[in-house]
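This is start_26.txt. It holds compact mmCIF, C-alpha atoms.
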```
# COMPACT_ATOMS: atom_id res chain seq x y z
CA MET A 1 116.44 -34.06 17.21
CA ALA A 2 116.90 -32.47 13.79
CA GLN A 3 117.66 -34.73 10.86
CA ILE A 4 121.22 -34.70 9.51
CA PHE A 5 121.47 -34.40 5.73
CA SER A 6 124.56 -35.24 3.70
CA ASN A 7 123.99 -32.34 1.29
CA ASP A 8 121.60 -29.51 0.48
CA VAL A 9 119.86 -31.45 -2.29
CA GLU A 10 118.85 -34.11 0.22
CA ALA A 11 117.71 -31.40 2.63
CA ALA A 12 115.70 -29.69 -0.14
CA ASP A 13 113.92 -32.96 -0.93
CA ALA A 14 113.15 -33.38 2.79
CA LEU A 15 111.70 -29.86 2.97
CA LYS A 16 109.36 -30.61 0.06
CA GLN A 17 108.21 -33.86 1.71
CA SER A 18 107.69 -32.12 5.07
CA TYR A 19 105.70 -29.35 3.39
CA HIS A 20 103.28 -31.80 1.79
CA LYS A 21 102.92 -33.72 5.07
CA LEU A 22 102.12 -30.45 6.84
CA LYS A 23 99.50 -29.56 4.24
CA GLY A 24 97.92 -32.98 4.72
CA GLU A 25 97.73 -32.60 8.49
CA ILE A 26 96.35 -29.07 8.29
CA ALA A 27 93.72 -30.18 5.75
CA LYS A 28 92.30 -32.55 8.39
CA VAL A 29 91.05 -29.49 10.28
CA VAL A 30 91.03 -26.56 7.86
CA VAL A 31 88.91 -27.10 4.74
CA GLY A 32 90.15 -25.35 1.60
CA GLN A 33 92.40 -22.28 1.96
CA ASP A 34 95.19 -24.14 0.12
CA ASP A 35 96.85 -20.95 -1.08
CA VAL A 36 96.67 -19.42 2.39
CA VAL A 37 98.33 -22.50 3.92
CA ARG A 38 101.05 -22.41 1.24
CA LEU A 39 101.85 -18.77 1.98
CA VAL A 40 101.87 -19.14 5.78
CA LEU A 41 104.21 -22.16 5.61
CA THR A 42 106.40 -20.31 3.10
CA ALA A 43 106.72 -17.38 5.51
CA ILE A 44 107.63 -19.72 8.36
CA PHE A 45 110.38 -21.41 6.32
CA CYS A 46 111.63 -17.93 5.35
CA GLN A 47 111.64 -16.77 8.99
CA GLY A 48 109.02 -14.14 8.23
CA HIS A 49 105.84 -12.92 9.88
CA SER A 50 102.39 -13.03 8.28
CA LEU A 51 99.27 -10.90 8.49
CA LEU A 52 96.00 -12.76 7.84
CA VAL A 53 93.21 -10.44 6.72
CA GLY A 54 89.58 -11.47 6.47
CA VAL A 55 86.15 -10.98 7.94
CA PRO A 56 85.30 -12.89 11.16
CA GLY A 57 84.48 -16.58 10.88
CA LEU A 58 86.93 -17.62 8.15
CA ALA A 59 89.01 -19.90 10.46
CA LYS A 60 92.00 -17.57 10.76
CA THR A 61 92.59 -18.45 14.41
CA LEU A 62 91.92 -22.15 13.80
CA LEU A 63 94.45 -22.17 10.96
CA VAL A 64 97.22 -20.66 13.09
CA HIS A 65 96.51 -23.01 16.01
CA THR A 66 96.53 -26.05 13.69
CA ILE A 67 99.85 -25.03 12.13
CA ALA A 68 101.40 -24.55 15.57
CA THR A 69 100.23 -28.02 16.60
CA SER A 70 101.64 -29.70 13.48
CA LEU A 71 104.99 -27.94 13.99
CA ASP A 72 105.42 -29.03 17.63
CA LEU A 73 106.13 -25.47 18.76
CA GLN A 74 105.19 -23.44 21.82
CA PHE A 75 102.01 -21.59 20.91
CA LYS A 76 100.86 -18.37 22.58
CA ARG A 77 97.72 -16.41 21.78
CA ILE A 78 97.32 -12.71 22.49
CA GLN A 79 93.78 -11.39 22.14
CA PHE A 80 94.14 -7.74 21.19
CA THR A 81 91.56 -5.45 22.77
CA PRO A 82 91.22 -1.65 23.10
CA ASP A 83 92.46 -1.74 26.71
CA LEU A 84 95.50 -4.01 26.12
CA MET A 85 98.76 -2.48 27.39
CA PRO A 86 102.32 -3.06 26.05
CA SER A 87 103.30 -4.77 29.32
CA ASP A 88 100.49 -7.28 28.74
CA ILE A 89 102.43 -8.44 25.66
CA VAL A 90 106.13 -8.26 26.51
CA GLY A 91 105.94 -8.61 30.30
CA ALA A 92 106.98 -6.34 33.17
CA GLU A 93 109.19 -6.09 36.21
CA THR A 94 107.49 -6.89 39.50
CA MET A 95 108.66 -6.77 43.11
CA ASP A 96 108.85 -10.04 45.02
CA LYS A 97 108.37 -10.57 48.78
CA GLU A 98 112.01 -9.65 49.43
CA ARG A 99 111.55 -6.37 47.56
CA ASN A 100 113.73 -7.42 44.64
CA PHE A 101 112.68 -6.69 41.10
CA GLN A 102 112.20 -9.65 38.81
CA PHE A 103 111.08 -9.82 35.21
CA VAL A 104 107.87 -11.70 34.53
CA LYS A 105 107.78 -12.75 30.89
CA GLY A 106 104.74 -11.91 28.81
CA PRO A 107 103.05 -14.11 26.20
CA ILE A 108 105.44 -12.83 23.50
CA PHE A 109 107.93 -15.42 24.78
CA GLY A 110 106.87 -18.33 22.59
CA ASN A 111 107.60 -19.82 19.17
CA ILE A 112 104.36 -19.05 17.34
CA ILE A 113 102.54 -15.95 18.53
CA LEU A 114 98.97 -15.48 17.41
CA ALA A 115 98.24 -11.76 17.56
CA ASP A 116 94.48 -12.13 17.27
CA GLU A 117 92.60 -9.14 15.83
CA ILE A 118 95.72 -6.97 15.99
CA ASN A 119 93.88 -3.93 14.66
CA ARG A 120 91.48 -3.93 17.61
CA THR A 121 94.10 -2.33 19.86
CA PRO A 122 95.53 1.23 19.79
CA PRO A 123 98.89 2.03 18.07
CA LYS A 124 100.80 2.25 21.37
CA THR A 125 100.20 -1.42 22.05
CA GLN A 126 100.66 -2.42 18.41
CA ALA A 127 104.10 -0.83 18.58
CA ALA A 128 105.06 -3.20 21.42
CA LEU A 129 105.38 -5.91 18.78
CA LEU A 130 107.86 -3.94 16.64
CA GLU A 131 111.09 -4.77 18.43
CA SER A 132 110.19 -8.42 18.92
CA MET A 133 109.31 -8.87 15.25
CA GLN A 134 112.45 -7.17 13.96
CA GLU A 135 115.07 -7.87 16.65
CA TYR A 136 113.70 -11.13 18.09
CA ALA A 137 114.15 -9.59 21.53
CA VAL A 138 112.41 -7.25 23.97
CA THR A 139 113.92 -4.57 26.19
CA ILE A 140 112.58 -4.03 29.70
CA ALA A 141 114.14 -1.51 32.09
CA GLY A 142 117.21 -1.22 29.88
CA LYS A 143 117.85 -4.97 29.73
CA GLN A 144 117.38 -7.03 26.58
CA TYR A 145 115.76 -10.45 26.67
CA ASN A 146 116.11 -12.73 23.64
CA LEU A 147 113.05 -14.55 22.35
CA PRO A 148 113.10 -18.32 21.68
CA ARG A 149 113.85 -19.53 18.15
CA PRO A 150 112.10 -20.12 15.87
CA PHE A 151 109.84 -17.13 16.44
CA PHE A 152 106.90 -16.08 14.26
CA VAL A 153 104.12 -13.56 14.64
CA LEU A 154 100.99 -14.62 12.80
CA ALA A 155 98.55 -11.76 13.18
CA THR A 156 94.88 -11.78 12.22
CA GLN A 157 93.11 -8.62 11.21
CA ASN A 158 89.55 -7.67 10.43
CA PRO A 159 89.10 -5.32 7.47
CA ILE A 160 89.81 -1.70 8.36
CA GLU A 161 86.36 -0.62 7.16
CA GLN A 162 84.70 -2.37 10.08
CA GLU A 163 83.93 -0.36 13.21
CA GLY A 164 86.20 -0.45 16.24
CA THR A 165 89.49 -0.98 14.41
CA TYR A 166 92.78 0.95 14.26
CA PRO A 167 94.85 0.99 11.05
CA LEU A 168 98.31 -0.51 11.55
CA PRO A 169 101.23 1.93 11.15
CA GLU A 170 103.21 1.53 7.91
CA ALA A 171 106.38 0.76 9.89
CA GLN A 172 104.70 -2.20 11.52
CA LEU A 173 103.02 -3.38 8.32
CA ASP A 174 106.45 -3.49 6.67
CA ARG A 175 107.63 -5.97 9.30
CA PHE A 176 105.22 -8.56 7.92
CA MET A 177 106.61 -10.62 5.08
CA PHE A 178 103.16 -11.46 3.72
CA ASN A 179 99.74 -9.85 3.81
CA ILE A 180 97.42 -12.80 3.12
CA PHE A 181 93.76 -12.37 2.18
CA LEU A 182 91.25 -15.01 3.23
CA ASP A 183 88.12 -15.21 1.11
CA TYR A 184 84.78 -16.92 1.69
CA PRO A 185 84.73 -20.69 1.03
CA SER A 186 83.04 -22.15 -2.01
CA TYR A 187 79.63 -23.80 -1.66
CA GLN A 188 81.08 -27.34 -1.46
CA GLN A 189 83.81 -26.24 0.94
CA GLU A 190 81.23 -24.66 3.24
CA VAL A 191 79.16 -27.86 3.12
CA ASP A 192 82.28 -29.82 4.20
CA ILE A 193 83.04 -27.28 6.94
CA VAL A 194 79.55 -27.59 8.40
CA LYS A 195 79.73 -31.41 8.29
CA ASN A 196 83.13 -31.46 10.02
CA THR A 197 82.32 -28.94 12.73
CA THR A 198 78.86 -30.07 13.82
CA THR A 199 79.82 -33.53 15.06
CA ASP A 200 81.46 -34.79 18.22
CA ASP A 201 84.50 -36.18 16.38
CA ILE A 202 87.95 -35.05 17.56
CA LEU A 203 90.44 -34.48 14.76
CA ASN A 204 94.01 -35.23 15.85
CA VAL A 205 96.85 -33.42 14.10
CA SER A 206 100.23 -35.16 14.03
CA LYS A 207 103.43 -33.28 14.81
CA ILE A 208 105.55 -33.14 11.64
CA LEU A 209 108.52 -30.88 12.38
CA THR A 210 110.47 -29.90 15.49
CA ALA A 211 111.92 -26.47 16.26
CA GLU A 212 115.43 -27.65 15.33
CA GLU A 213 114.25 -28.95 11.95
CA ILE A 214 112.45 -25.69 11.17
CA VAL A 215 115.58 -23.65 11.96
CA SER A 216 117.60 -26.01 9.76
CA PHE A 217 115.17 -25.52 6.85
CA GLN A 218 115.28 -21.74 7.37
CA HIS A 219 119.05 -21.78 6.86
CA LEU A 220 118.58 -24.04 3.82
CA VAL A 221 116.21 -21.56 2.16
CA ARG A 222 118.82 -18.81 2.47
CA ARG A 223 121.48 -21.06 0.89
CA VAL A 224 119.39 -21.65 -2.26
CA PRO A 225 121.23 -20.18 -5.28
CA VAL A 226 119.43 -17.56 -7.33
CA ALA A 227 120.21 -16.49 -10.90
CA ASP A 228 120.99 -12.80 -11.42
CA ASN A 229 118.04 -12.32 -13.78
CA VAL A 230 115.62 -13.50 -11.05
CA VAL A 231 117.06 -11.05 -8.49
CA GLU A 232 116.96 -8.27 -11.08
CA TYR A 233 113.32 -9.05 -11.87
CA ALA A 234 112.39 -8.87 -8.16
CA VAL A 235 114.14 -5.51 -7.76
CA LYS A 236 112.56 -4.11 -10.96
CA LEU A 237 109.13 -5.23 -9.75
CA SER A 238 109.61 -3.44 -6.42
CA GLN A 239 110.92 -0.30 -8.08
CA ALA A 240 108.00 -0.31 -10.53
CA THR A 241 105.68 0.37 -7.57
CA ARG A 242 107.41 3.65 -6.72
CA PRO A 243 105.98 6.83 -8.27
CA GLY A 244 108.48 9.43 -9.41
CA PRO A 245 110.62 10.48 -12.39
CA ASN A 246 111.98 6.94 -12.76
CA GLY A 247 108.74 5.19 -11.80
CA SER A 248 106.45 3.16 -14.01
CA SER A 249 103.44 4.74 -15.71
CA ILE A 250 101.13 2.63 -13.52
CA ALA A 251 102.80 3.85 -10.32
CA ASN A 252 102.73 7.49 -11.42
CA GLU A 253 99.07 7.28 -12.36
CA PHE A 254 97.60 5.20 -9.54
CA LEU A 255 100.01 4.98 -6.58
CA GLU A 256 100.75 7.41 -3.76
CA TRP A 257 103.58 5.38 -2.27
CA GLY A 258 105.63 2.35 -3.34
CA ALA A 259 107.40 -0.61 -1.77
CA GLY A 260 110.86 -0.29 -0.20
CA PRO A 261 113.93 -2.53 -0.48
CA ARG A 262 112.52 -4.98 2.09
CA ALA A 263 109.95 -5.97 -0.55
CA SER A 264 112.76 -6.98 -2.93
CA GLN A 265 114.35 -9.09 -0.20
CA TYR A 266 111.11 -10.87 0.61
CA LEU A 267 110.32 -11.45 -3.07
CA VAL A 268 113.61 -13.33 -3.47
CA LEU A 269 113.31 -15.21 -0.17
CA GLY A 270 109.71 -16.19 -0.92
CA ALA A 271 110.71 -17.30 -4.42
CA LYS A 272 113.45 -19.51 -3.00
CA CYS A 273 111.03 -21.30 -0.69
CA ASN A 274 108.33 -21.52 -3.35
CA ALA A 275 110.84 -23.25 -5.61
CA LEU A 276 111.83 -25.75 -2.92
CA ILE A 277 108.27 -26.79 -2.02
CA ASN A 278 107.63 -27.37 -5.73
CA GLY A 279 110.67 -29.62 -6.15
CA LYS A 280 113.03 -27.09 -7.76
CA TYR A 281 116.51 -26.33 -6.47
CA SER A 282 116.63 -22.73 -7.72
CA PRO A 283 113.82 -20.19 -8.25
CA ASP A 284 112.76 -18.64 -11.54
CA ILE A 285 110.68 -15.57 -12.36
CA GLU A 286 107.42 -17.54 -11.93
CA ASP A 287 108.37 -18.19 -8.30
CA VAL A 288 108.78 -14.45 -7.72
CA GLN A 289 105.36 -13.86 -9.28
CA ALA A 290 103.84 -16.56 -7.03
CA VAL A 291 104.61 -14.47 -3.92
CA ALA A 292 104.31 -10.97 -5.42
CA ARG A 293 100.76 -10.24 -4.27
CA PRO A 294 101.19 -11.02 -0.55
CA VAL A 295 104.61 -9.31 -0.46
CA LEU A 296 103.53 -6.08 -2.16
CA ARG A 297 99.87 -5.52 -1.26
CA HIS A 298 100.56 -3.96 2.17
CA ARG A 299 103.58 -1.98 0.97
CA ILE A 300 101.94 0.17 -1.69
CA VAL A 301 99.34 2.90 -1.21
CA ARG A 302 96.77 3.78 -3.87
CA ASN A 303 96.04 7.40 -4.72
CA PHE A 304 92.63 9.02 -4.99
CA LYS A 305 92.28 8.24 -8.68
CA ALA A 306 92.76 4.50 -8.14
CA GLU A 307 90.26 4.48 -5.29
CA ALA A 308 87.73 6.52 -7.26
CA GLU A 309 87.97 4.16 -10.22
CA GLY A 310 87.64 1.09 -7.99
CA ILE A 311 91.07 -0.28 -8.90
CA THR A 312 92.29 -2.61 -6.16
CA VAL A 313 95.87 -3.07 -4.98
CA ASP A 314 95.87 -6.60 -6.40
CA ASN A 315 94.73 -5.25 -9.79
CA LEU A 316 97.71 -2.90 -9.82
CA ILE A 317 100.16 -5.63 -8.79
CA ASP A 318 98.87 -7.86 -11.58
CA LYS A 319 99.40 -5.05 -14.09
CA LEU A 320 102.95 -4.49 -12.82
CA ILE A 321 103.74 -8.20 -13.10
```
Take the structure from the file and write it as structure tokens.
Amino acid sequence: MAQIFSNDVEAADALKQSYHKLKGEIAKVVVGQDDVVRLVLTAIFCQGHSLLVGVPGLAKTLLVHTIATSLDLQFKRIQFTPDLMPSDIVGAETMDKERNFQFVKGPIFGNIILADEINRTPPKTQAALLESMQEYAVTIAGKQYNLPRPFFVLATQNPIEQEGTYPLPEAQLDRFMFNIFLDYPSYQQEVDIVKNTTTDDILNVSKILTAEEIVSFQHLVRRVPVADNVVEYAVKLSQATRPGPNGSSIANEFLEWGAGPRASQYLVLGAKCNALINGKYSPDIEDVQAVARPVLRHRIVRNFKAEAEGITVDNLIDKLI
């Protein structure tokens, strides 16, 4: 049962404590990746979806499974393959022995959905996730079925440059709150990983939050007050990515396409949660900057000049900040 708080300040303190407990439990299994864990948990508290991008073997799947365990939520994994069909995700109507149609739910009906290697499957199947991610429901044969709450899609993706992958459509990329890069571990972290994973020890992860508590914290994040100057900064940052007569010099020189209004919304939401997990009751501009990279990097498109000069998306975001 969810905890009952007398006021939002008490609830905010509880969210911070729960966040640090979650980080501690996840660290039992996942070595390093502190910033990745922070961003994934931030997205969950903001009721957003996350895309985890990195080469194979960086514990993307292990991270998602560990988070699901520590949150005491129903976990479903969908392994995306070139022959996966939309009905394999959302479910389909089948005929029973009495020749009546009945809906058999697909693996999308869960709390945390791991869309593993989402860019390994063709666009038709990728699009099957769109309605569920945006509407928290699926429609089969004209009837809508609501998904359980809370509901998150945590998708893993191998870099597009590798063979056998399909780029995600921009419309689907925009549904993800964060695009999170996973990098190789440091030397000492890799030593620790090898030590932890080559023994017969079983690492038990404690359950920290229930579904009701997560939903309660999601509502709390939206109630956090934000100063006008912080909202204005987030909007200006989003608009600075858009080339055009009113665009910034950086956008006009290096960008083909900029971020839409959803980026501004996620910058403010992410800043609210980032403030709470750091013990603040209202976000400032630094909190917006703390989530700017993962919010913007999949919403802006470099032009030929930026690619030719080897300027990365993150380089451009840093310049805009």
Axis-aligned box for range 217-228 of chain A, 4 Å per side, centre and edges in Å as AutoDock Vina command-line options:
```
--center_x 118.3 --center_y -19.2 --center_z -2.0 --size_x 14.3 --size_y 20.7 --size_z 26.8
```
For each of A:Pro150, A:Leu129, A:Ala14, A:Val301, take the minimum atom-to-atom distance to Val215 in chain A, counting all atoms listed in the file, then give the residue where this is smallest.
->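 The answer is A:Pro150, which sits nearest to Val215 in chain A.
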Can you work out the spacing between CA of Ile26 in chain A and CA of Cys273 in chain A in Å, to one decimal?
->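 We find that CA of Ile26 in chain A and CA of Cys273 in chain A lie 18.9 Å from each other.
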Distance CA of Ala211 in chain A-CA of Gln17 in chain A, one decimal place?
-> 16.7 Å
Hey, what's within 10 Å of Lys16 in chain A if we count only C-alpha atoms and toss same-chain stuff fewer than 2 positions away? As an MDAnalysis selection string, please?
-> chainID A and resid 11:14 18:22 273:280
CA of Leu182 in chain A and CA of Thr198 in chain A, how far apart in Å?
->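 Computing the Euclidean distance for CA of Thr198 in chain A and CA of Leu182 in chain A yields 22.2 Å.
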Skipping near chain neighbours, those fewer than 2 positions away, what residues fall within 6 Å of range 46-61 of chain A using all atoms listed in the file, listed as a PyMOL selection string?
-> chain A and resi 43-44+63-64+152-158+176-182+218
Between A:Pro86, A:Gly106, A:Pro167, A:Pro225, which has the minimum distance to His298 in chain A (counting only C-alpha atoms)?
->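 Comparing A:Pro86, A:Gly106, A:Pro167, A:Pro225 against His298 in chain A, the winner is A:Pro167.
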Counting all atoms listed in the file, which residues come within 10 Å of (94.1, 8.9, -6.8), with the point read in the file's coordinates, and could you list them as a PyMOL selection string?
-> chain A and resi 252-256+301-309+311
Tell me which of A:Ile250, A:Ala234, A:Ile89, A:Ala290 sits closest to Asp35 in chain A, counting all atoms listed in the file.
-> A:Ala290
